[in-house]
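What follows is a set of notes on a single structure, which appears directly below.
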2 protein chains.
Amino acid sequence: MANEKKLVEAITSMDVDFAQWYTDVVKKAELCDYASVKGCMVIKPAGYAIWENIQKELDKRFKESGVENVYMPMFIPEGLLQKEKDHVEGFAPEVAWVTHGGLEELQERMCVRPTSETLFCDFYAKDIQSYRDLPRLYNQWCSVVRWEKTTRPFLRSREFLWQEGHTAHATAQEAQERTIQMLNVYADFCEEVLAIPVIRGQKTDKEKFAGAEATYTIESLMHDGKALQSGTSHNFGDGFARAFEIQYAAKDNSLQYVHQTSWGMSTRIIGAIIMVHGDDNGLVLPPVIAPTQIVIVPIQQKKEGVLDKAYELRQVLSGFRVKVDDSDKSPGWKFSESEMRGIPVRVEIGPRDIENGQAVLVRRDTHEKITVGLGELAERAGELLGQIQKDMLERARAHRDAHTYVAEDFDGFVKTVNEKPGFVKAMWCGCLECEEKIKEVTGATSRCIPFEQEQISGNCVCCGKPATKMVYWGRAY
Amino acid sequence: MANEKKLVEAITSMDVDFAQWYTDVVKKAELCDYASVKGCMVIKPAGYAIWENIQKELDKRFKESGVENVYMPMFIPEGLLQKEKDHVEGFAPEVAWVTHGGLEELQERMCVRPTSETLFCDFYAKDIQSYRDLPRLYNQWCSVVRWEKTTRPFLRSREFLWQEGHTAHATAQEAQERTIQMLNVYADFCEEVLAIPVIRGQKTDKEKFAGAEATYTIESLMHDGKALQSGTSHNFGDGFARAFEIQYAAKDNSLQYVHQTSWGMSTRIIGAIIMVHGDDNGLVLPPVIAPTQIVIVPIQQKKEGVLDKAYELRQVLSGFRVKVDDSDKSPGWKFSESEMRGIPVRVEIGPRDIENGQAVLVRRDTHEKITVGLGELAERAGELLGQIQKDMLERARAHRDAHTYVAEDFDGFVKTVNEKPGFVKAMWCGCLECEEKIKEVTGATSRCIPFEQEQISGNCVCCGKPATKMVYWGRAY
């Protein structure tokens, strides 16, 4: 019992200090650790295994939509970064610069990619000649570097892992369709795989990506009521194509600029999994993404037949990602540890269970215990995993909906943001001044102009002028 | 016919100029391209798909041996790189240095990892406390940077993709066993998956990894008779552990240093696939690694029923990685293109074939044509892919054996190296002077001291003194 207590006590309660709770879970569930390199992290096996499952699921969806993977260099010569004006302004202040190769100073310094639009454009300018070469639907899995001042594991670090898709199309319409298509891939992935409900919408001009014509986003709500931008998809129009001279010969032999998109999702989403689903016992992983879906904990494992039965059940459950915890720790410690690590289902099997031809299934999300006959174990475990996945999405959706508010005037808006952490839906006139004032006064930013619009009132929540756009606002990570 | 000619003429014959043939294949098979960033490459979809299959197969074998994946930062602070003396001497002259983060100069410059021993050691020093924490069997997939002066696609570039495994063990024996285990994983992978036969052995002290106690290697022979180091596995003993103070409390509570290994394989191996199996028609891919294993080429595809039949056969062959080439190019062009890309089996299906209830299978490796009844297509195609895989390994082995020579004295050695490209087996006394003289006079380096020793003579091929070690020598990439 001492052990169990120790493990649980190691986590701060999320209601006491959410930020500390987050850091504790990251550390105690052994997801990642700080590196000696300032602002960078070491992703440990338990964290990386989640990322591998994310990669597998996302990559499959990308390929089904016709996307191919490639790999571009990690360095961008300074001259290349500068080719698109808005883009360089957005990124130059936060890149890492390489100035020396071996013992020699470089003639032109290079940055480590903060994102690879310029590299893809440079490549496409040579690679695309004719309409027959279009569309180009490329993606790469890599790490990128942004020289952030304050960092937090997964949420903001100087180096992080991600994928970045970069496509080139013959027409503006095709580019727009691809932009939305990939946003929907992200949204469906979040909901179906990560059990995280998202709001789909467009970023305001202030919040859009440096160099983009339009940025679309999926926004999710963490347990503490703060928002997290969970994936973005950008339509560049022909802006980059003009800066980089990416032209193709159309069917009528005229030279045309391509239209481009880019879209990305990063290890940041692991932060969302933690903060949407976690509880005071640690991580809670959705079954579809969990590296281990079922852990079998033998009770009184030294008694004859118990361990053998545990291994037998592992065989019975081999259709799932299953492990037996046959370490020499106490069952109580094993329970706590499997909860800390967020394993969706625990199977307890002891001498009395064996005698009765049964086992106990324990849900990580609700702690519910279910006794099942051994003959139906695999079937019931499969059903349970499906049910947990479904319930986790519904619970997260209910939490988000319960923390989504409406504000009709500025006083109400300020009061809501200050007193009720969550999304605030409010009308906006579309001007930068109101957006900046809201941020200054409340710390809330425009999260997105959702595709699903509602008419809350006829006037901007800030200036009172006529407004047609409903916006989701919130404090964000 | 003009088209077909054009595509084939685009490649230099390998007998005329092997280096140019290699560059032509890389380009025409669309595996990779030079980037604007000097010395770096863009890996295109056809090349990256090969790498993805390599990753999948290798990663599976790693995990089966208990290895877990992690991710370390890409930057190494200069002070960290300098902790192990031999290591920094080996790598410092060829690293890229980051000196600025954003607008500020860094207090300590950092290099982009050329390899990550120092980062893993820094992490292990904190992460490992007790014998219970051992062994640590970690691996990462990432890119590394080495500031090479002359570069060639896949074979030598300033940035390349690889995996690097880093393990820590309680005992020297366990570390040595893991070093050899991983070398054998690489060797089996090369032979079973890539159909590339390899010589397994140990590097001489001169050729071993900077900081290692012993380096083991697998060496393969390219079609032009030059050797390629195809994977390495290092035993560090406790050298890095002492430099980084990686200690654990043993069962008897004494403090002990861990023993470490590292092992890596890179995109360089794609160069080996090209140079071992390719021919004057382009790439020849072993079926197990080929992104597309079977291409179906409809003949007279505008005739009613031909395309439908092609799609039907795709369905029949859906157990394989199969594509239909239904583009508007001529069949001859499609044949050439599928050969250039190295697709192992081509299925030709035209109106007469349909009438006769048959199709023609064409082997990429031998150009043999086999007519098969449609009812047995899937079965025969599967057998054929297996046969091709087997034949490719045997052919490569026969080529290597036919280009492996024996030298008993120095004159014979020099003559063989100069006149007969290939491996030369010869005795060596073990001294650095002889190794350096051989390199200076012939350009051949010691490739490895093979595990399978033969007693060719009693004396060193260079100095004539008594010798007990038989070494493989050769000019190398």
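Going by the structure tokens order, chains are called A, B, ..., each with residues numbered from 1, while ligands are numbered from 1 in the order shown.
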Residues of chain B within 8 Å of chain A, only C-alpha atoms counted, as a compact mmCIF listing (two decimals) with C-alpha atoms, in the first residue's frame:
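Final output, selection.txt:
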# COMPACT_ATOMS: atom_id res chain seq x y z
CA ALA B 35 18.59 20.23 -53.79
CA SER B 36 19.60 23.87 -54.01
CA VAL B 37 21.20 23.28 -50.63
CA CYS B 40 21.93 17.75 -49.81
CA MET B 41 19.37 15.69 -51.66
CA VAL B 42 15.63 15.58 -52.17
CA ILE B 43 14.38 12.02 -51.80
CA LYS B 44 11.50 11.69 -54.25
CA PRO B 45 8.44 9.42 -53.84
CA GLY B 47 13.08 6.61 -53.48
CA TYR B 48 11.29 7.36 -50.25
CA ALA B 49 8.88 4.44 -50.73
CA GLU B 68 12.19 0.44 -28.28
CA ASN B 69 12.10 3.63 -30.34
CA VAL B 70 12.75 7.08 -28.85
CA TYR B 71 13.66 10.54 -30.14
CA MET B 72 16.59 12.67 -28.98
CA PRO B 73 17.19 16.34 -29.85
CA MET B 74 19.02 17.09 -33.10
CA PHE B 75 21.43 19.55 -31.45
CA ILE B 76 24.54 18.73 -29.42
CA PRO B 77 26.06 21.52 -27.29
CA ALA B 92 34.29 17.77 -34.97
CA PRO B 93 35.93 18.47 -38.37
CA GLU B 94 32.75 17.54 -40.22
CA VAL B 95 29.82 18.95 -38.27
CA ALA B 96 27.53 21.91 -38.98
CA TRP B 97 27.52 24.53 -36.23
CA VAL B 98 24.52 26.50 -35.05
CA THR B 99 25.66 29.80 -33.56
CA HIS B 100 22.48 31.90 -33.47
CA GLY B 101 18.97 31.25 -32.19
CA GLY B 102 16.57 33.81 -33.61
CA LEU B 103 18.26 37.18 -33.39
CA ASP B 122 23.89 12.36 -21.46
CA PHE B 123 20.38 10.95 -21.14
CA CYS B 142 16.23 10.46 -37.82
CA TRP B 147 29.81 18.23 -43.72
CA GLU B 159 22.40 15.11 -44.62
request  = Do a neighbour search on Lys437 in chain B at 12 Å with only C-alpha atoms, toss out local chain neighbours closer than 6 positions, and write the hits as a ChimeraX atom specification.
outcome  = /B:410,414,428,431,443-446,461-463
Can you pull out every residue from range 272-310 of chain B that DSSP, working from the backbone, puts in helix (DSSP H, G or I), and format the result as a PDB file with all heavy atoms, in the first residue's frame?
ATOM      1  N   ALA B 272      23.355   0.766 -52.492  1.00  0.00           N
ATOM      2  CA  ALA B 272      23.774  -0.631 -52.675  1.00  0.00           C
ATOM      3  C   ALA B 272      22.753  -1.406 -53.495  1.00  0.00           C
ATOM      4  O   ALA B 272      23.116  -2.185 -54.380  1.00  0.00           O
ATOM      5  CB  ALA B 272      23.992  -1.295 -51.317  1.00  0.00           C
ATOM      6  N   ILE B 273      21.473  -1.187 -53.215  1.00  0.00           N
ATOM      7  CA  ILE B 273      20.425  -1.885 -53.987  1.00  0.00           C
ATOM      8  C   ILE B 273      20.592  -1.564 -55.469  1.00  0.00           C
ATOM      9  O   ILE B 273      20.533  -2.448 -56.328  1.00  0.00           O
ATOM     10  CB  ILE B 273      19.014  -1.451 -53.512  1.00  0.00           C
ATOM     11  CG1 ILE B 273      18.800  -1.831 -52.046  1.00  0.00           C
ATOM     12  CG2 ILE B 273      17.937  -2.069 -54.396  1.00  0.00           C
ATOM     13  CD1 ILE B 273      17.499  -1.280 -51.452  1.00  0.00           C
ATOM     14  N   ILE B 274      20.808  -0.279 -55.759  1.00  0.00           N
ATOM     15  CA  ILE B 274      20.966   0.144 -57.154  1.00  0.00           C
ATOM     16  C   ILE B 274      22.199  -0.528 -57.779  1.00  0.00           C
ATOM     17  O   ILE B 274      22.119  -1.097 -58.868  1.00  0.00           O
ATOM     18  CB  ILE B 274      21.139   1.682 -57.232  1.00  0.00           C
ATOM     19  CG1 ILE B 274      19.906   2.387 -56.663  1.00  0.00           C
ATOM     20  CG2 ILE B 274      21.405   2.123 -58.677  1.00  0.00           C
ATOM     21  CD1 ILE B 274      20.113   3.879 -56.403  1.00  0.00           C
ATOM     22  N   MET B 275      23.325  -0.500 -57.074  1.00  0.00           N
ATOM     23  CA  MET B 275      24.595  -0.925 -57.672  1.00  0.00           C
ATOM     24  C   MET B 275      24.835  -2.428 -57.637  1.00  0.00           C
ATOM     25  O   MET B 275      25.711  -2.922 -58.328  1.00  0.00           O
ATOM     26  CB  MET B 275      25.747  -0.191 -56.993  1.00  0.00           C
ATOM     27  CG  MET B 275      25.770   1.292 -57.337  1.00  0.00           C
ATOM     28  SD  MET B 275      27.328   2.066 -56.898  1.00  0.00           S
ATOM     29  CE  MET B 275      27.246   2.016 -55.133  1.00  0.00           C
ATOM     30  N   VAL B 276      24.068  -3.161 -56.807  1.00  0.00           N
ATOM     31  CA  VAL B 276      24.197  -4.619 -56.804  1.00  0.00           C
ATOM     32  C   VAL B 276      23.295  -5.226 -57.881  1.00  0.00           C
ATOM     33  O   VAL B 276      23.694  -6.141 -58.602  1.00  0.00           O
ATOM     34  CB  VAL B 276      23.836  -5.209 -55.420  1.00  0.00           C
ATOM     35  CG1 VAL B 276      23.665  -6.732 -55.501  1.00  0.00           C
ATOM     36  CG2 VAL B 276      24.907  -4.851 -54.396  1.00  0.00           C
ATOM     37  N   HIS B 277      22.059  -4.682 -58.000  1.00  0.00           N
ATOM     38  CA  HIS B 277      21.066  -5.354 -58.839  1.00  0.00           C
ATOM     39  C   HIS B 277      20.783  -4.679 -60.189  1.00  0.00           C
ATOM     40  O   HIS B 277      20.268  -5.326 -61.088  1.00  0.00           O
ATOM     41  CB  HIS B 277      19.742  -5.472 -58.072  1.00  0.00           C
ATOM     42  CG  HIS B 277      19.829  -6.244 -56.802  1.00  0.00           C
ATOM     43  ND1 HIS B 277      20.268  -7.543 -56.768  1.00  0.00           N
ATOM     44  CD2 HIS B 277      19.542  -5.914 -55.505  1.00  0.00           C
ATOM     45  CE1 HIS B 277      20.245  -7.986 -55.512  1.00  0.00           C
ATOM     46  NE2 HIS B 277      19.816  -7.018 -54.728  1.00  0.00           N
ATOM     47  N   VAL B 306     -10.492  -4.425 -72.477  1.00  0.00           N
ATOM     48  CA  VAL B 306      -9.089  -4.602 -72.073  1.00  0.00           C
ATOM     49  C   VAL B 306      -8.818  -3.945 -70.721  1.00  0.00           C
ATOM     50  O   VAL B 306      -8.288  -4.566 -69.796  1.00  0.00           O
ATOM     51  CB  VAL B 306      -8.126  -4.056 -73.150  1.00  0.00           C
ATOM     52  CG1 VAL B 306      -6.686  -4.088 -72.638  1.00  0.00           C
ATOM     53  CG2 VAL B 306      -8.260  -4.862 -74.436  1.00  0.00           C
ATOM     54  N   LEU B 307      -9.212  -2.667 -70.599  1.00  0.00           N
ATOM     55  CA  LEU B 307      -8.969  -1.975 -69.324  1.00  0.00           C
ATOM     56  C   LEU B 307      -9.732  -2.630 -68.176  1.00  0.00           C
ATOM     57  O   LEU B 307      -9.214  -2.777 -67.075  1.00  0.00           O
ATOM     58  CB  LEU B 307      -9.349  -0.495 -69.437  1.00  0.00           C
ATOM     59  CG  LEU B 307      -8.192   0.437 -69.817  1.00  0.00           C
ATOM     60  CD1 LEU B 307      -8.669   1.875 -69.878  1.00  0.00           C
ATOM     61  CD2 LEU B 307      -7.038   0.311 -68.823  1.00  0.00           C
ATOM     62  N   ASP B 308     -10.982  -3.029 -68.485  1.00  0.00           N
ATOM     63  CA  ASP B 308     -11.776  -3.696 -67.442  1.00  0.00           C
ATOM     64  C   ASP B 308     -11.072  -4.950 -66.957  1.00  0.00           C
ATOM     65  O   ASP B 308     -11.024  -5.238 -65.758  1.00  0.00           O
ATOM     66  CB  ASP B 308     -13.163  -4.071 -67.992  1.00  0.00           C
ATOM     67  CG  ASP B 308     -14.042  -2.845 -68.133  1.00  0.00           C
ATOM     68  OD1 ASP B 308     -13.679  -1.801 -67.531  1.00  0.00           O
ATOM     69  OD2 ASP B 308     -15.060  -2.915 -68.847  1.00  0.00           O
ATOM     70  N   LYS B 309     -10.506  -5.711 -67.904  1.00  0.00           N
ATOM     71  CA  LYS B 309      -9.803  -6.938 -67.547  1.00  0.00           C
ATOM     72  C   LYS B 309      -8.561  -6.606 -66.704  1.00  0.00           C
ATOM     73  O   LYS B 309      -8.254  -7.288 -65.723  1.00  0.00           O
ATOM     74  CB  LYS B 309      -9.420  -7.699 -68.818  1.00  0.00           C
ATOM     75  CG  LYS B 309      -8.770  -9.040 -68.586  1.00  0.00           C
ATOM     76  CD  LYS B 309      -9.561  -9.960 -67.665  1.00  0.00           C
ATOM     77  CE  LYS B 309     -10.436 -10.929 -68.433  1.00  0.00           C
ATOM     78  NZ  LYS B 309     -11.131 -11.883 -67.539  1.00  0.00           N
ATOM     79  N   ALA B 310      -7.878  -5.505 -67.076  1.00  0.00           N
ATOM     80  CA  ALA B 310      -6.687  -5.094 -66.325  1.00  0.00           C
ATOM     81  C   ALA B 310      -7.066  -4.786 -64.871  1.00  0.00           C
ATOM     82  O   ALA B 310      -6.382  -5.212 -63.940  1.00  0.00           O
ATOM     83  CB  ALA B 310      -6.030  -3.879 -66.973  1.00  0.00           C
TER      84      ALA B 310
END
query = Neighbours of Glu355 in chain B within 12 Å (only C-alpha atoms; same-chain residues fewer than 3 positions away dropped), as a PyMOL selection string?
reply = chain B and resi 305-306+309+349-352+358-359+373-374
Generate the output file for the selected residues, N, CA, C and O atoms, as an mmCIF file, in the first residue's frame.
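out11.cif, freshly written:
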data_model
loop_
_atom_site.group_PDB
_atom_site.id
_atom_site.type_symbol
_atom_site.label_atom_id
_atom_site.label_comp_id
_atom_site.auth_asym_id
_atom_site.auth_seq_id
_atom_site.Cartn_x
_atom_site.Cartn_y
_atom_site.Cartn_z
ATOM 1 N N GLY B 305 -13.114 -3.854 -73.221
ATOM 2 C CA GLY B 305 -12.878 -4.966 -72.295
ATOM 3 C C GLY B 305 -11.452 -5.068 -71.791
ATOM 4 O O GLY B 305 -11.203 -5.700 -70.764
ATOM 5 N N VAL B 306 -10.492 -4.425 -72.477
ATOM 6 C CA VAL B 306 -9.089 -4.602 -72.073
ATOM 7 C C VAL B 306 -8.818 -3.945 -70.721
ATOM 8 O O VAL B 306 -8.288 -4.566 -69.796
ATOM 9 N N LYS B 309 -10.506 -5.711 -67.904
ATOM 10 C CA LYS B 309 -9.803 -6.938 -67.547
ATOM 11 C C LYS B 309 -8.561 -6.606 -66.704
ATOM 12 O O LYS B 309 -8.254 -7.288 -65.723
ATOM 13 N N ILE B 349 -1.474 -7.751 -70.734
ATOM 14 C CA ILE B 349 -2.791 -8.327 -71.040
ATOM 15 C C ILE B 349 -3.424 -7.557 -72.207
ATOM 16 O O ILE B 349 -3.600 -6.335 -72.133
ATOM 17 N N GLY B 350 -3.678 -8.271 -73.306
ATOM 18 C CA GLY B 350 -4.275 -7.645 -74.491
ATOM 19 C C GLY B 350 -5.463 -8.447 -74.982
ATOM 20 O O GLY B 350 -5.802 -9.475 -74.386
ATOM 21 N N PRO B 351 -6.086 -7.998 -76.071
ATOM 22 C CA PRO B 351 -7.299 -8.668 -76.580
ATOM 23 C C PRO B 351 -7.073 -10.156 -76.868
ATOM 24 O O PRO B 351 -7.892 -10.995 -76.517
ATOM 25 N N ARG B 352 -5.924 -10.484 -77.470
ATOM 26 C CA ARG B 352 -5.695 -11.888 -77.798
ATOM 27 C C ARG B 352 -5.512 -12.729 -76.523
ATOM 28 O O ARG B 352 -5.984 -13.858 -76.443
ATOM 29 N N GLN B 358 -5.480 -15.991 -70.970
ATOM 30 C CA GLN B 358 -4.126 -16.024 -70.438
ATOM 31 C C GLN B 358 -3.550 -14.613 -70.295
ATOM 32 O O GLN B 358 -4.161 -13.637 -70.708
ATOM 33 N N ALA B 359 -2.403 -14.535 -69.687
ATOM 34 C CA ALA B 359 -1.667 -13.273 -69.597
ATOM 35 C C ALA B 359 -0.189 -13.608 -69.682
ATOM 36 O O ALA B 359 0.203 -14.775 -69.510
ATOM 37 N N GLY B 373 -2.249 -19.193 -67.516
ATOM 38 C CA GLY B 373 -3.704 -19.125 -67.566
ATOM 39 C C GLY B 373 -4.204 -18.156 -66.500
ATOM 40 O O GLY B 373 -3.606 -18.066 -65.419
ATOM 41 N N LEU B 374 -5.278 -17.411 -66.814
ATOM 42 C CA LEU B 374 -5.751 -16.394 -65.873
ATOM 43 C C LEU B 374 -6.183 -16.993 -64.542
ATOM 44 O O LEU B 374 -6.069 -16.353 -63.504
#
task = May I ask which of the residues A:Arg447, A:Lys251, A:Lys302, A:Lys415 is the closest one to Glu435 in chain A, counting only C-alpha atoms?
result = A:Arg447
request  = Using DSSP on the backbone coordinates, identify the residues of range 85-177 of chain A assigned to strand (DSSP E); present them as a PyMOL selection string.
outcome  = chain A and resi 96-101+104-112+136-145+159-169
Suppose we keep C-alpha atoms; can you now write the selection as an mmCIF file, in the first residue's frame?
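selection-v3.cif, freshly written:
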data_model
loop_
_atom_site.group_PDB
_atom_site.id
_atom_site.type_symbol
_atom_site.label_atom_id
_atom_site.label_comp_id
_atom_site.auth_asym_id
_atom_site.auth_seq_id
_atom_site.Cartn_x
_atom_site.Cartn_y
_atom_site.Cartn_z
ATOM 1 C CA ALA A 96 18.334 28.564 -35.585
ATOM 2 C CA TRP A 97 21.185 29.636 -37.877
ATOM 3 C CA VAL A 98 24.012 27.417 -39.082
ATOM 4 C CA THR A 99 27.066 29.549 -39.870
ATOM 5 C CA HIS A 100 29.903 27.020 -40.008
ATOM 6 C CA GLY A 101 30.349 23.700 -41.809
ATOM 7 C CA GLU A 104 34.943 26.721 -42.393
ATOM 8 C CA GLU A 105 32.556 29.630 -42.248
ATOM 9 C CA LEU A 106 29.704 29.266 -44.741
ATOM 10 C CA GLN A 107 29.450 31.820 -47.543
ATOM 11 C CA GLU A 108 25.710 31.986 -46.957
ATOM 12 C CA ARG A 109 24.267 31.034 -43.618
ATOM 13 C CA MET A 110 21.395 28.542 -43.485
ATOM 14 C CA CYS A 111 18.585 28.076 -41.008
ATOM 15 C CA VAL A 112 17.288 24.765 -39.756
ATOM 16 C CA ARG A 136 1.804 17.174 -56.797
ATOM 17 C CA LEU A 137 0.673 15.755 -53.436
ATOM 18 C CA TYR A 138 3.775 15.453 -51.248
ATOM 19 C CA ASN A 139 4.218 15.034 -47.520
ATOM 20 C CA GLN A 140 7.190 14.583 -45.237
ATOM 21 C CA TRP A 141 7.652 13.335 -41.669
ATOM 22 C CA CYS A 142 10.480 15.196 -39.990
ATOM 23 C CA SER A 143 11.507 17.457 -37.146
ATOM 24 C CA VAL A 144 11.475 21.242 -37.273
ATOM 25 C CA VAL A 145 13.067 23.924 -35.121
ATOM 26 C CA GLU A 159 12.465 21.118 -31.810
ATOM 27 C CA PHE A 160 9.381 19.047 -32.466
ATOM 28 C CA LEU A 161 8.285 16.223 -34.734
ATOM 29 C CA TRP A 162 5.558 16.683 -37.277
ATOM 30 C CA GLN A 163 4.393 16.002 -40.799
ATOM 31 C CA GLU A 164 4.053 18.732 -43.339
ATOM 32 C CA GLY A 165 2.100 18.219 -46.546
ATOM 33 C CA HIS A 166 2.794 20.486 -49.526
ATOM 34 C CA THR A 167 0.675 20.267 -52.646
ATOM 35 C CA ALA A 168 0.640 22.036 -55.999
ATOM 36 C CA HIS A 169 -2.425 22.263 -58.221
#
message = Which residues are close to Arg346 in chain A, i.e. within 7 Å by only C-alpha atoms, leaving aside same-chain residues fewer than 6 positions away? Reply as a PyMOL selection string.
response = chain A and resi 294-296+361-363
What's the 10 Å shell around Tyr22 in chain B, counting only C-alpha atoms, without same-chain residues fewer than 2 positions away, as a tab-separated table (two decimals) with N, CA, C and O atoms, in the first residue's frame?
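Output below, filename result-v8.tsv:
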chain	number	residue	atom	x	y	z
B	11	ILE	N	20.07	6.39	-70.40
B	11	ILE	CA	21.02	5.83	-69.45
B	11	ILE	C	22.31	5.45	-70.13
B	11	ILE	O	22.31	4.76	-71.15
B	12	THR	N	23.41	5.86	-69.54
B	12	THR	CA	24.72	5.42	-69.96
B	12	THR	C	24.85	3.94	-69.63
B	12	THR	O	24.35	3.48	-68.61
B	13	SER	N	25.49	3.18	-70.50
B	13	SER	CA	25.71	1.77	-70.20
B	13	SER	C	26.66	1.64	-69.01
B	13	SER	O	27.62	2.40	-68.89
B	14	MET	N	26.40	0.67	-68.15
B	14	MET	CA	27.24	0.55	-66.94
B	14	MET	C	28.67	0.14	-67.27
B	14	MET	O	29.60	0.48	-66.54
B	17	ASP	N	30.53	3.62	-68.38
B	17	ASP	CA	30.86	4.56	-67.30
B	17	ASP	C	29.93	4.27	-66.12
B	17	ASP	O	28.79	4.75	-66.08
B	18	PHE	N	30.42	3.49	-65.19
B	18	PHE	CA	29.56	3.02	-64.10
B	18	PHE	C	29.04	4.18	-63.25
B	18	PHE	O	27.87	4.19	-62.86
B	19	ALA	N	29.90	5.14	-62.98
B	19	ALA	CA	29.49	6.28	-62.14
B	19	ALA	C	28.36	7.06	-62.81
B	19	ALA	O	27.38	7.46	-62.17
B	20	GLN	N	28.48	7.24	-64.14
B	20	GLN	CA	27.45	7.98	-64.87
B	20	GLN	C	26.18	7.14	-64.93
B	20	GLN	O	25.06	7.67	-64.82
B	24	ASP	N	22.57	8.34	-63.69
B	24	ASP	CA	21.44	8.30	-64.63
B	24	ASP	C	20.28	7.51	-64.04
B	24	ASP	O	19.12	7.93	-64.14
B	25	VAL	N	20.57	6.36	-63.43
B	25	VAL	CA	19.49	5.52	-62.88
B	25	VAL	C	18.79	6.27	-61.75
B	25	VAL	O	17.56	6.31	-61.68
B	26	VAL	N	19.59	6.88	-60.86
B	26	VAL	CA	19.00	7.62	-59.74
B	26	VAL	C	18.03	8.68	-60.26
B	26	VAL	O	16.94	8.87	-59.72
B	27	LYS	N	18.44	9.32	-61.34
B	27	LYS	CA	17.63	10.42	-61.88
B	27	LYS	C	16.44	9.90	-62.67
B	27	LYS	O	15.31	10.34	-62.45
B	28	LYS	N	16.68	8.95	-63.57
B	28	LYS	CA	15.61	8.48	-64.45
B	28	LYS	C	14.59	7.61	-63.72
B	28	LYS	O	13.42	7.56	-64.11
B	152	ARG	N	27.54	12.29	-53.30
B	152	ARG	CA	26.85	11.54	-54.36
B	152	ARG	C	25.53	11.06	-53.80
B	152	ARG	O	25.45	10.63	-52.65
B	153	PRO	N	24.47	11.08	-54.63
B	153	PRO	CA	23.14	10.71	-54.15
B	153	PRO	C	23.16	9.38	-53.40
B	153	PRO	O	23.75	8.41	-53.88
B	271	GLY	N	21.75	3.01	-52.25
B	271	GLY	CA	22.82	3.00	-53.25
B	271	GLY	C	23.29	1.58	-53.54
B	271	GLY	O	23.57	1.22	-54.68
B	274	ILE	N	20.81	-0.28	-55.76
B	274	ILE	CA	20.97	0.14	-57.15
B	274	ILE	C	22.20	-0.53	-57.78
B	274	ILE	O	22.12	-1.10	-58.87
B	275	MET	N	23.32	-0.50	-57.07
B	275	MET	CA	24.59	-0.92	-57.67
B	275	MET	C	24.83	-2.43	-57.64
B	275	MET	O	25.71	-2.92	-58.33
B	278	GLY	N	21.09	-3.40	-60.30
B	278	GLY	CA	20.70	-2.66	-61.50
B	278	GLY	C	21.34	-3.17	-62.78
B	278	GLY	O	22.35	-3.88	-62.73
B	279	ASP	N	20.74	-2.82	-63.94
B	279	ASP	CA	21.34	-3.17	-65.23
B	279	ASP	C	21.16	-2.01	-66.20
B	279	ASP	O	20.73	-0.93	-65.80
B	280	ASP	N	21.48	-2.24	-67.46
B	280	ASP	CA	21.45	-1.13	-68.41
B	280	ASP	C	20.04	-0.64	-68.74
B	280	ASP	O	19.87	0.36	-69.41
B	282	GLY	N	18.02	-0.01	-66.19
B	282	GLY	CA	17.65	0.77	-65.00
B	282	GLY	C	17.73	-0.02	-63.71
B	282	GLY	O	18.55	-0.92	-63.56
B	283	LEU	N	16.83	0.34	-62.83
B	283	LEU	CA	16.79	-0.25	-61.50
B	283	LEU	C	16.21	-1.67	-61.58
B	283	LEU	O	15.35	-1.94	-62.41
task = Find the spatial neighbours of Ser130 in chain A, counting only C-alpha atoms, within a cut-off of 10 Å - ignore same-chain residues fewer than 5 positions away - and output them as a VMD selection string.
result = chain A and resid 170 247 to 251 253 255 to 256
Could you dump the residues just selected with N, CA and C atoms as a compact mmCIF listing (two decimals), in the first residue's frame?
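Now in part-v4.txt:
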# COMPACT_ATOMS: atom_id res chain seq x y z
N ALA A 170 -3.28 22.73 -60.42
CA ALA A 170 -3.45 23.54 -61.62
C ALA A 170 -4.39 24.72 -61.38
N GLN A 247 5.76 27.62 -62.48
CA GLN A 247 4.80 27.71 -63.58
C GLN A 247 4.72 26.40 -64.34
N TYR A 248 3.53 26.19 -64.92
CA TYR A 248 3.36 24.99 -65.75
C TYR A 248 2.73 25.37 -67.07
N ALA A 249 3.03 24.55 -68.09
CA ALA A 249 2.41 24.74 -69.40
C ALA A 249 1.05 24.08 -69.37
N ALA A 250 0.00 24.89 -69.54
CA ALA A 250 -1.36 24.37 -69.52
C ALA A 250 -1.65 23.64 -70.84
N LYS A 251 -2.84 23.02 -70.91
CA LYS A 251 -3.19 22.27 -72.13
C LYS A 251 -3.17 23.16 -73.36
N ASN A 253 -1.11 25.43 -73.85
CA ASN A 253 0.28 25.89 -73.97
C ASN A 253 0.59 27.22 -73.28
N LEU A 255 1.46 29.62 -70.11
CA LEU A 255 2.17 29.40 -68.85
C LEU A 255 1.31 29.88 -67.69
N GLN A 256 1.11 29.03 -66.69
CA GLN A 256 0.25 29.37 -65.57
C GLN A 256 1.00 29.14 -64.25
